[in-house]
Amino acid sequence: MSEIRHNPCATCGACCRSYIVPVCGYDVWLISTRLRLSPESFLSMVPQRQPNAEGFRLEAGGPTFELALDKRGRLHPKQPCVFLVRLAGGHDRCGVYAHRPLVCRSYPMSLWRGALYLRQEALCPPNSWPPDVVKPQPWRAALQRQHMHFDIYREVAARWNARVERSPGQRFALREYLSYLLNAYDRLAALFAATDDETMHRVEASWPTPPRPDGDLVTLWQGAEDPPWRQYLRRVREVLSVFYPEASAEAALQPAVADGV
């Protein structure tokens, strides 16, 4: 949204008071390292009603959880985001706008079958995003990037979960998972930095978006072509293979690409 001159988000803040904001590992790493904040100071652990590939466990066979931005007061969608700042004149502003989560960067747009559209349930005031001022490419790039990083996060979480499942009877603390998360993304950051802008653009532009087959990676990996996203994901797996090597083979069997982000 920062690429778009017309920006009604500048003083709105409606979405910052109306959602539980899910985050991926990249979001956690970026906010934590850039702002020197402990993840525990801005995150909440939310039980998943329906387990999916983004969920992490703290004990073998236990419930799955996902990470979300914390709220001021109790964790409830109608509470203000922990990073929402009240400005003079009654306006609101994101206090971490330059490092805001990926889902915040792509809101209120979505992609389906390659078509970019405004979400029907968007909380933006009427006519906030008139067609003549919305440039599709920045939004499309933000959504492609979001799908890429959430899929990478599923790879990271899969390795942790494989480790947990190999430790029956042991209860892990949230701080242990967050420490693993930061360490994993410190290593992935070197891969990000070593990938030039042109290559990364091709990777993000080729990344699969909904609708995607239920077979996930197994299905998407088939075929004679070797698109940039697939090449990059293999490199991600190589980087992550140093974590819990005994569980890596099991983790690689877990579906890492899923619908619905």
# chains A, B, ... in the order shown; residues from 1 in each chain; ligands from 1
>>> closest_atom_pairs(of="segment 89-170 of chain A", to="segment 49-55 of chain A", cutoff="12 Å", atoms="only C-alpha atoms", output="Markdown table")
| residue | atom | partner | partner_atom | distance |
| --- | --- | --- | --- | --- |
| A:His149 | CA | A:Glu54 | CA | 11.2 |
| A:Phe150 | CA | A:Glu54 | CA | 7.8 |
| A:Asp151 | CA | A:Glu54 | CA | 8.4 |
| A:Ile152 | CA | A:Glu54 | CA | 9.8 |
| A:Tyr153 | CA | A:Glu54 | CA | 7.0 |
| A:Arg154 | CA | A:Glu54 | CA | 5.2 |
| A:Glu155 | CA | A:Ala53 | CA | 8.5 |
| A:Val156 | CA | A:Glu54 | CA | 9.1 |
| A:Ala157 | CA | A:Glu54 | CA | 6.6 |
| A:Ala158 | CA | A:Ala53 | CA | 7.3 |
| A:Arg159 | CA | A:Ala53 | CA | 11.1 |
| A:Trp160 | CA | A:Gly55 | CA | 10.2 |
| A:Asn161 | CA | A:Gly55 | CA | 8.7 |
>>> write_last_selection(atoms="N, CA, C and O atoms", output="PDB file, in the first residue's frame")
ATOM      1  N   HIS A 149       5.734 -16.252   1.438  1.00  0.00           N
ATOM      2  CA  HIS A 149       6.264 -16.303   2.803  1.00  0.00           C
ATOM      3  C   HIS A 149       5.438 -17.201   3.720  1.00  0.00           C
ATOM      4  O   HIS A 149       5.991 -17.830   4.632  1.00  0.00           O
ATOM      5  N   PHE A 150       4.142 -17.291   3.500  1.00  0.00           N
ATOM      6  CA  PHE A 150       3.348 -18.214   4.310  1.00  0.00           C
ATOM      7  C   PHE A 150       3.675 -19.663   3.956  1.00  0.00           C
ATOM      8  O   PHE A 150       3.691 -20.531   4.834  1.00  0.00           O
ATOM      9  N   ASP A 151       3.960 -19.931   2.692  1.00  0.00           N
ATOM     10  CA  ASP A 151       4.358 -21.289   2.324  1.00  0.00           C
ATOM     11  C   ASP A 151       5.718 -21.645   2.921  1.00  0.00           C
ATOM     12  O   ASP A 151       5.929 -22.774   3.378  1.00  0.00           O
ATOM     13  N   ILE A 152       6.635 -20.697   2.929  1.00  0.00           N
ATOM     14  CA  ILE A 152       7.932 -20.940   3.562  1.00  0.00           C
ATOM     15  C   ILE A 152       7.752 -21.169   5.060  1.00  0.00           C
ATOM     16  O   ILE A 152       8.396 -22.047   5.657  1.00  0.00           O
ATOM     17  N   TYR A 153       6.854 -20.411   5.663  1.00  0.00           N
ATOM     18  CA  TYR A 153       6.590 -20.587   7.094  1.00  0.00           C
ATOM     19  C   TYR A 153       6.063 -21.989   7.382  1.00  0.00           C
ATOM     20  O   TYR A 153       6.399 -22.596   8.403  1.00  0.00           O
ATOM     21  N   ARG A 154       5.258 -22.534   6.475  1.00  0.00           N
ATOM     22  CA  ARG A 154       4.751 -23.886   6.675  1.00  0.00           C
ATOM     23  C   ARG A 154       5.893 -24.904   6.665  1.00  0.00           C
ATOM     24  O   ARG A 154       5.844 -25.905   7.373  1.00  0.00           O
ATOM     25  N   GLU A 155       6.902 -24.633   5.849  1.00  0.00           N
ATOM     26  CA  GLU A 155       8.090 -25.497   5.856  1.00  0.00           C
ATOM     27  C   GLU A 155       8.794 -25.415   7.207  1.00  0.00           C
ATOM     28  O   GLU A 155       9.236 -26.428   7.757  1.00  0.00           O
ATOM     29  N   VAL A 156       8.911 -24.205   7.736  1.00  0.00           N
ATOM     30  CA  VAL A 156       9.571 -24.003   9.024  1.00  0.00           C
ATOM     31  C   VAL A 156       8.782 -24.695  10.136  1.00  0.00           C
ATOM     32  O   VAL A 156       9.357 -25.408  10.980  1.00  0.00           O
ATOM     33  N   ALA A 157       7.476 -24.507  10.151  1.00  0.00           N
ATOM     34  CA  ALA A 157       6.638 -25.107  11.185  1.00  0.00           C
ATOM     35  C   ALA A 157       6.636 -26.627  11.092  1.00  0.00           C
ATOM     36  O   ALA A 157       6.596 -27.323  12.116  1.00  0.00           O
ATOM     37  N   ALA A 158       6.686 -27.163   9.874  1.00  0.00           N
ATOM     38  CA  ALA A 158       6.669 -28.618   9.690  1.00  0.00           C
ATOM     39  C   ALA A 158       7.862 -29.279  10.362  1.00  0.00           C
ATOM     40  O   ALA A 158       7.740 -30.355  10.966  1.00  0.00           O
ATOM     41  N   ARG A 159       9.017 -28.640  10.291  1.00  0.00           N
ATOM     42  CA  ARG A 159      10.205 -29.208  10.919  1.00  0.00           C
ATOM     43  C   ARG A 159      10.103 -29.183  12.439  1.00  0.00           C
ATOM     44  O   ARG A 159      10.490 -30.120  13.116  1.00  0.00           O
ATOM     45  N   TRP A 160       9.571 -28.099  12.962  1.00  0.00           N
ATOM     46  CA  TRP A 160       9.353 -28.029  14.407  1.00  0.00           C
ATOM     47  C   TRP A 160       8.367 -29.119  14.843  1.00  0.00           C
ATOM     48  O   TRP A 160       8.608 -29.834  15.822  1.00  0.00           O
ATOM     49  N   ASN A 161       7.252 -29.250  14.136  1.00  0.00           N
ATOM     50  CA  ASN A 161       6.238 -30.227  14.512  1.00  0.00           C
ATOM     51  C   ASN A 161       6.773 -31.647  14.435  1.00  0.00           C
ATOM     52  O   ASN A 161       6.421 -32.500  15.265  1.00  0.00           O
TER      53      ASN A 161
END
>>> select_by_dssp(residues="segment 29-171 of chain A", states="strand (DSSP E or B)", output="list in words")
Leu43, Ser44, Met45, Val46, Pro47, Phe56, Arg57, Thr64, Phe65, Glu66, Leu67, Ala68, Leu69, Lys71, Cys81, Leu84, Val85, Arg86, Asp92, Arg93, Cys94, Met109, Ser110, Leu111, Trp112, Ala115, Leu116, Tyr117 and Leu118 of chain A
>>> write_last_selection(atoms="N, CA and C atoms", output="short mmCIF file (atom, residue, chain, number, x, y, z; two decimals), in the first residue's frame")
data_model
loop_
_atom_site.label_atom_id
_atom_site.label_comp_id
_atom_site.auth_asym_id
_atom_site.auth_seq_id
_atom_site.Cartn_x
_atom_site.Cartn_y
_atom_site.Cartn_z
N LEU A 43 3.17 -10.72 20.35
CA LEU A 43 2.46 -11.87 19.77
C LEU A 43 1.54 -12.53 20.78
N SER A 44 0.51 -13.18 20.25
CA SER A 44 -0.34 -14.07 21.03
C SER A 44 -0.37 -15.43 20.36
N MET A 45 -0.55 -16.45 21.14
CA MET A 45 -0.68 -17.82 20.65
C MET A 45 -2.16 -18.15 20.62
N VAL A 46 -2.68 -18.45 19.44
CA VAL A 46 -4.12 -18.66 19.26
C VAL A 46 -4.39 -20.12 18.92
N PRO A 47 -5.24 -20.82 19.70
CA PRO A 47 -5.57 -22.21 19.35
C PRO A 47 -6.29 -22.27 18.00
N PHE A 56 1.38 -24.93 14.81
CA PHE A 56 2.52 -25.57 15.48
C PHE A 56 2.04 -26.19 16.78
N ARG A 57 2.72 -27.24 17.17
CA ARG A 57 2.38 -27.96 18.41
C ARG A 57 3.45 -27.73 19.46
N THR A 64 -3.00 -27.68 17.98
CA THR A 64 -2.16 -26.81 17.17
C THR A 64 -2.52 -25.35 17.44
N PHE A 65 -1.53 -24.49 17.29
CA PHE A 65 -1.69 -23.06 17.55
C PHE A 65 -1.17 -22.27 16.35
N GLU A 66 -1.61 -21.03 16.24
CA GLU A 66 -1.03 -20.12 15.26
C GLU A 66 -0.66 -18.83 15.97
N LEU A 67 0.18 -18.04 15.34
CA LEU A 67 0.64 -16.78 15.91
C LEU A 67 -0.16 -15.62 15.33
N ALA A 68 -0.46 -14.65 16.19
CA ALA A 68 -1.20 -13.46 15.76
C ALA A 68 -0.66 -12.26 16.52
N LEU A 69 -0.84 -11.08 15.93
CA LEU A 69 -0.47 -9.86 16.65
C LEU A 69 -1.33 -9.75 17.90
N LYS A 71 -3.23 -7.85 21.13
CA LYS A 71 -4.17 -6.73 21.24
C LYS A 71 -3.92 -6.00 22.55
N CYS A 81 -5.15 -3.16 17.89
CA CYS A 81 -3.87 -3.86 17.73
C CYS A 81 -2.84 -3.26 18.68
N LEU A 84 -1.22 -0.18 17.25
CA LEU A 84 -2.00 0.96 16.78
C LEU A 84 -1.71 2.19 17.65
N VAL A 85 -1.43 3.32 17.00
CA VAL A 85 -1.06 4.55 17.70
C VAL A 85 -2.14 5.60 17.46
N ARG A 86 -2.61 6.25 18.52
CA ARG A 86 -3.58 7.33 18.40
C ARG A 86 -2.84 8.65 18.21
N ASP A 92 -5.77 7.54 13.75
CA ASP A 92 -4.96 6.39 14.15
C ASP A 92 -3.92 6.11 13.08
N ARG A 93 -2.84 5.47 13.53
CA ARG A 93 -1.76 5.14 12.61
C ARG A 93 -1.06 3.89 13.09
N CYS A 94 -0.65 3.03 12.15
CA CYS A 94 0.11 1.85 12.51
C CYS A 94 1.50 2.27 12.98
N MET A 109 -7.20 -6.29 -0.60
CA MET A 109 -7.27 -6.96 -1.88
C MET A 109 -7.03 -8.47 -1.74
N SER A 110 -7.44 -9.20 -2.76
CA SER A 110 -7.23 -10.64 -2.79
C SER A 110 -7.05 -11.09 -4.23
N LEU A 111 -6.53 -12.31 -4.38
CA LEU A 111 -6.32 -12.91 -5.70
C LEU A 111 -7.07 -14.23 -5.79
N TRP A 112 -7.74 -14.44 -6.91
CA TRP A 112 -8.38 -15.73 -7.16
C TRP A 112 -8.36 -15.99 -8.65
N ALA A 115 -7.10 -13.26 -10.80
CA ALA A 115 -7.83 -11.99 -10.85
C ALA A 115 -7.69 -11.25 -9.51
N LEU A 116 -7.34 -9.98 -9.59
CA LEU A 116 -7.22 -9.14 -8.40
C LEU A 116 -8.58 -8.49 -8.12
N TYR A 117 -9.01 -8.52 -6.86
CA TYR A 117 -10.31 -7.92 -6.54
C TYR A 117 -10.31 -7.41 -5.10
N LEU A 118 -11.24 -6.50 -4.84
CA LEU A 118 -11.44 -5.94 -3.50
C LEU A 118 -12.32 -6.89 -2.70
#
>>> closest_residue(among="A:Arg36, A:Arg119, A:Arg212, A:Lys78", to="Tyr19 of chain A", atoms="only C-alpha atoms")
A:Lys78
>>> closest_residue(among="A:Arg145, A:Arg202, A:Arg74, A:Lys135", to="Arg105 of chain A", atoms="only C-alpha atoms")
A:Arg145
>>> select_by_dssp(residues="segment 60-226 of chain A", states="helix (DSSP H, G or I)", output="ChimeraX atom specification")
/A:88-90,97-99,102-106,136-165,174-194,197-206,216-220
>>> closest_atom_pairs(of="segment 108-205 of chain A", to="segment 221-245 of chain A", cutoff="7 Å", atoms="only C-alpha atoms", output="Markdown table")
| residue | atom | partner | partner_atom | distance |
| --- | --- | --- | --- | --- |
| A:Arg163 | CA | A:Tyr244 | CA | 6.6 |
| A:Ala184 | CA | A:Leu240 | CA | 6.8 |
| A:Arg187 | CA | A:Val239 | CA | 6.9 |
| A:Leu188 | CA | A:Val239 | CA | 6.7 |
| A:Arg202 | CA | A:Pro228 | CA | 6.3 |
| A:Val203 | CA | A:Trp229 | CA | 4.6 |
| A:Glu204 | CA | A:Trp229 | CA | 6.9 |
>>> write_last_selection(atoms="N, CA and C atoms", output="compact mmCIF listing (two decimals), in the first residue's frame")
# COMPACT_ATOMS: atom_id res chain seq x y z
N ARG A 163 9.79 -32.50 14.99
CA ARG A 163 10.62 -32.66 16.19
C ARG A 163 9.75 -32.93 17.41
N ALA A 184 15.78 -19.90 12.60
CA ALA A 184 15.53 -20.38 11.25
C ALA A 184 15.51 -19.22 10.26
N ARG A 187 18.86 -17.67 9.32
CA ARG A 187 19.52 -18.41 8.24
C ARG A 187 18.86 -18.14 6.89
N LEU A 188 17.54 -18.07 6.90
CA LEU A 188 16.84 -17.79 5.65
C LEU A 188 17.13 -16.38 5.15
N ARG A 202 11.08 -12.87 -10.13
CA ARG A 202 10.59 -14.03 -10.88
C ARG A 202 10.03 -15.09 -9.93
N VAL A 203 10.70 -15.27 -8.80
CA VAL A 203 10.22 -16.25 -7.82
C VAL A 203 8.83 -15.87 -7.32
N GLU A 204 8.69 -14.62 -6.88
CA GLU A 204 7.41 -14.18 -6.33
C GLU A 204 6.32 -14.20 -7.40
>>> atom_distance(atom1="atom CA of Gly114 of chain A", atom2="atom CA of Thr209 of chain A")
7.5 Å
>>> atom_distance(atom1="atom CA of Gln146 of chain A", atom2="atom CA of Val103 of chain A")
6.8 Å
>>> atom_distance(atom1="atom CA of Cys15 of chain A", atom2="atom CA of Ala88 of chain A")
19.4 Å
>>> residues_around(residues="Ile31 of chain A", least_positions_apart="2", cutoff="10 Å", atoms="only C-alpha atoms", output="ChimeraX atom specification")
/A:26-29,33-39,42,96,98-101
>>> decode(residues="segment 53-68 of chain A", atoms="all heavy atoms", output="compact mmCIF listing (two decimals), in the first residue's frame")
# COMPACT_ATOMS: atom_id res chain seq x y z
N ALA A 53 -1.56 -26.38 7.98
CA ALA A 53 -0.11 -26.44 7.86
C ALA A 53 0.62 -25.29 8.53
O ALA A 53 1.84 -25.33 8.69
CB ALA A 53 0.30 -26.52 6.39
N GLU A 54 -0.11 -24.24 8.92
CA GLU A 54 0.52 -23.12 9.62
C GLU A 54 0.56 -23.35 11.13
O GLU A 54 1.19 -22.58 11.86
CB GLU A 54 -0.26 -21.83 9.34
CG GLU A 54 -0.21 -21.39 7.90
CD GLU A 54 -1.33 -20.41 7.59
OE1 GLU A 54 -1.75 -19.67 8.49
OE2 GLU A 54 -1.78 -20.40 6.43
N GLY A 55 -0.13 -24.38 11.59
CA GLY A 55 -0.19 -24.61 13.03
C GLY A 55 1.07 -25.26 13.58
O GLY A 55 1.73 -26.03 12.90
N PHE A 56 1.38 -24.93 14.81
CA PHE A 56 2.52 -25.57 15.48
C PHE A 56 2.04 -26.19 16.78
O PHE A 56 1.07 -25.75 17.40
CB PHE A 56 3.64 -24.54 15.75
CG PHE A 56 3.26 -23.43 16.68
CD1 PHE A 56 3.48 -23.52 18.05
CD2 PHE A 56 2.68 -22.26 16.19
CE1 PHE A 56 3.14 -22.49 18.92
CE2 PHE A 56 2.33 -21.23 17.04
CZ PHE A 56 2.56 -21.34 18.41
N ARG A 57 2.72 -27.24 17.17
CA ARG A 57 2.38 -27.96 18.41
C ARG A 57 3.45 -27.73 19.46
O ARG A 57 4.61 -27.49 19.14
CB ARG A 57 2.24 -29.46 18.15
CG ARG A 57 0.98 -29.85 17.41
CD ARG A 57 0.85 -31.37 17.33
NE ARG A 57 -0.49 -31.76 16.95
CZ ARG A 57 -0.90 -31.92 15.69
NH1 ARG A 57 -0.02 -31.73 14.70
NH2 ARG A 57 -2.14 -32.26 15.41
N LEU A 58 3.04 -27.85 20.71
CA LEU A 58 3.99 -27.77 21.82
C LEU A 58 4.13 -29.09 22.54
O LEU A 58 4.94 -29.22 23.46
CB LEU A 58 3.56 -26.66 22.80
CG LEU A 58 3.57 -25.24 22.22
CD1 LEU A 58 3.10 -24.23 23.27
CD2 LEU A 58 4.96 -24.85 21.71
N GLU A 59 3.34 -30.08 22.13
CA GLU A 59 3.49 -31.43 22.66
C GLU A 59 2.96 -32.42 21.62
O GLU A 59 2.07 -32.08 20.83
CB GLU A 59 2.74 -31.59 23.98
CG GLU A 59 1.27 -31.27 23.93
CD GLU A 59 0.63 -31.33 25.31
OE1 GLU A 59 1.03 -32.21 26.10
OE2 GLU A 59 -0.26 -30.51 25.59
N ALA A 60 3.52 -33.61 21.62
CA ALA A 60 3.15 -34.61 20.63
C ALA A 60 1.67 -34.94 20.74
O ALA A 60 1.16 -35.22 21.84
CB ALA A 60 4.00 -35.87 20.83
N GLY A 61 0.99 -34.91 19.61
CA GLY A 61 -0.43 -35.21 19.59
C GLY A 61 -1.31 -34.13 20.19
O GLY A 61 -2.53 -34.31 20.28
N GLY A 62 -0.71 -33.02 20.59
CA GLY A 62 -1.47 -31.95 21.23
C GLY A 62 -2.16 -31.04 20.23
O GLY A 62 -2.07 -31.23 19.01
N PRO A 63 -2.85 -30.02 20.74
CA PRO A 63 -3.55 -29.07 19.86
C PRO A 63 -2.55 -28.25 19.06
O PRO A 63 -1.38 -28.13 19.43
CB PRO A 63 -4.35 -28.20 20.83
CG PRO A 63 -3.56 -28.28 22.11
CD PRO A 63 -3.01 -29.67 22.17
N THR A 64 -3.00 -27.68 17.98
CA THR A 64 -2.16 -26.81 17.17
C THR A 64 -2.52 -25.35 17.44
O THR A 64 -3.66 -25.02 17.76
CB THR A 64 -2.33 -27.10 15.66
OG1 THR A 64 -3.70 -26.91 15.29
CG2 THR A 64 -1.89 -28.52 15.35
N PHE A 65 -1.53 -24.49 17.29
CA PHE A 65 -1.69 -23.06 17.55
C PHE A 65 -1.17 -22.27 16.35
O PHE A 65 -0.39 -22.78 15.55
CB PHE A 65 -0.91 -22.64 18.79
CG PHE A 65 -1.27 -23.39 20.04
CD1 PHE A 65 -0.62 -24.57 20.37
CD2 PHE A 65 -2.27 -22.91 20.88
CE1 PHE A 65 -0.96 -25.27 21.52
CE2 PHE A 65 -2.62 -23.60 22.03
CZ PHE A 65 -1.95 -24.78 22.35
N GLU A 66 -1.61 -21.03 16.24
CA GLU A 66 -1.03 -20.12 15.26
C GLU A 66 -0.66 -18.83 15.97
O GLU A 66 -1.11 -18.56 17.10
CB GLU A 66 -2.00 -19.85 14.12
CG GLU A 66 -3.31 -19.24 14.52
CD GLU A 66 -4.27 -19.13 13.34
OE1 GLU A 66 -4.24 -19.99 12.45
OE2 GLU A 66 -5.06 -18.17 13.33
N LEU A 67 0.18 -18.04 15.34
CA LEU A 67 0.64 -16.78 15.91
C LEU A 67 -0.16 -15.62 15.33
O LEU A 67 -0.49 -15.60 14.14
CB LEU A 67 2.12 -16.58 15.62
CG LEU A 67 3.07 -17.61 16.24
CD1 LEU A 67 4.50 -17.37 15.75
CD2 LEU A 67 3.02 -17.54 17.77
N ALA A 68 -0.46 -14.65 16.19
CA ALA A 68 -1.20 -13.46 15.76
C ALA A 68 -0.66 -12.26 16.52
O ALA A 68 -0.10 -12.39 17.62
CB ALA A 68 -2.69 -13.63 16.03
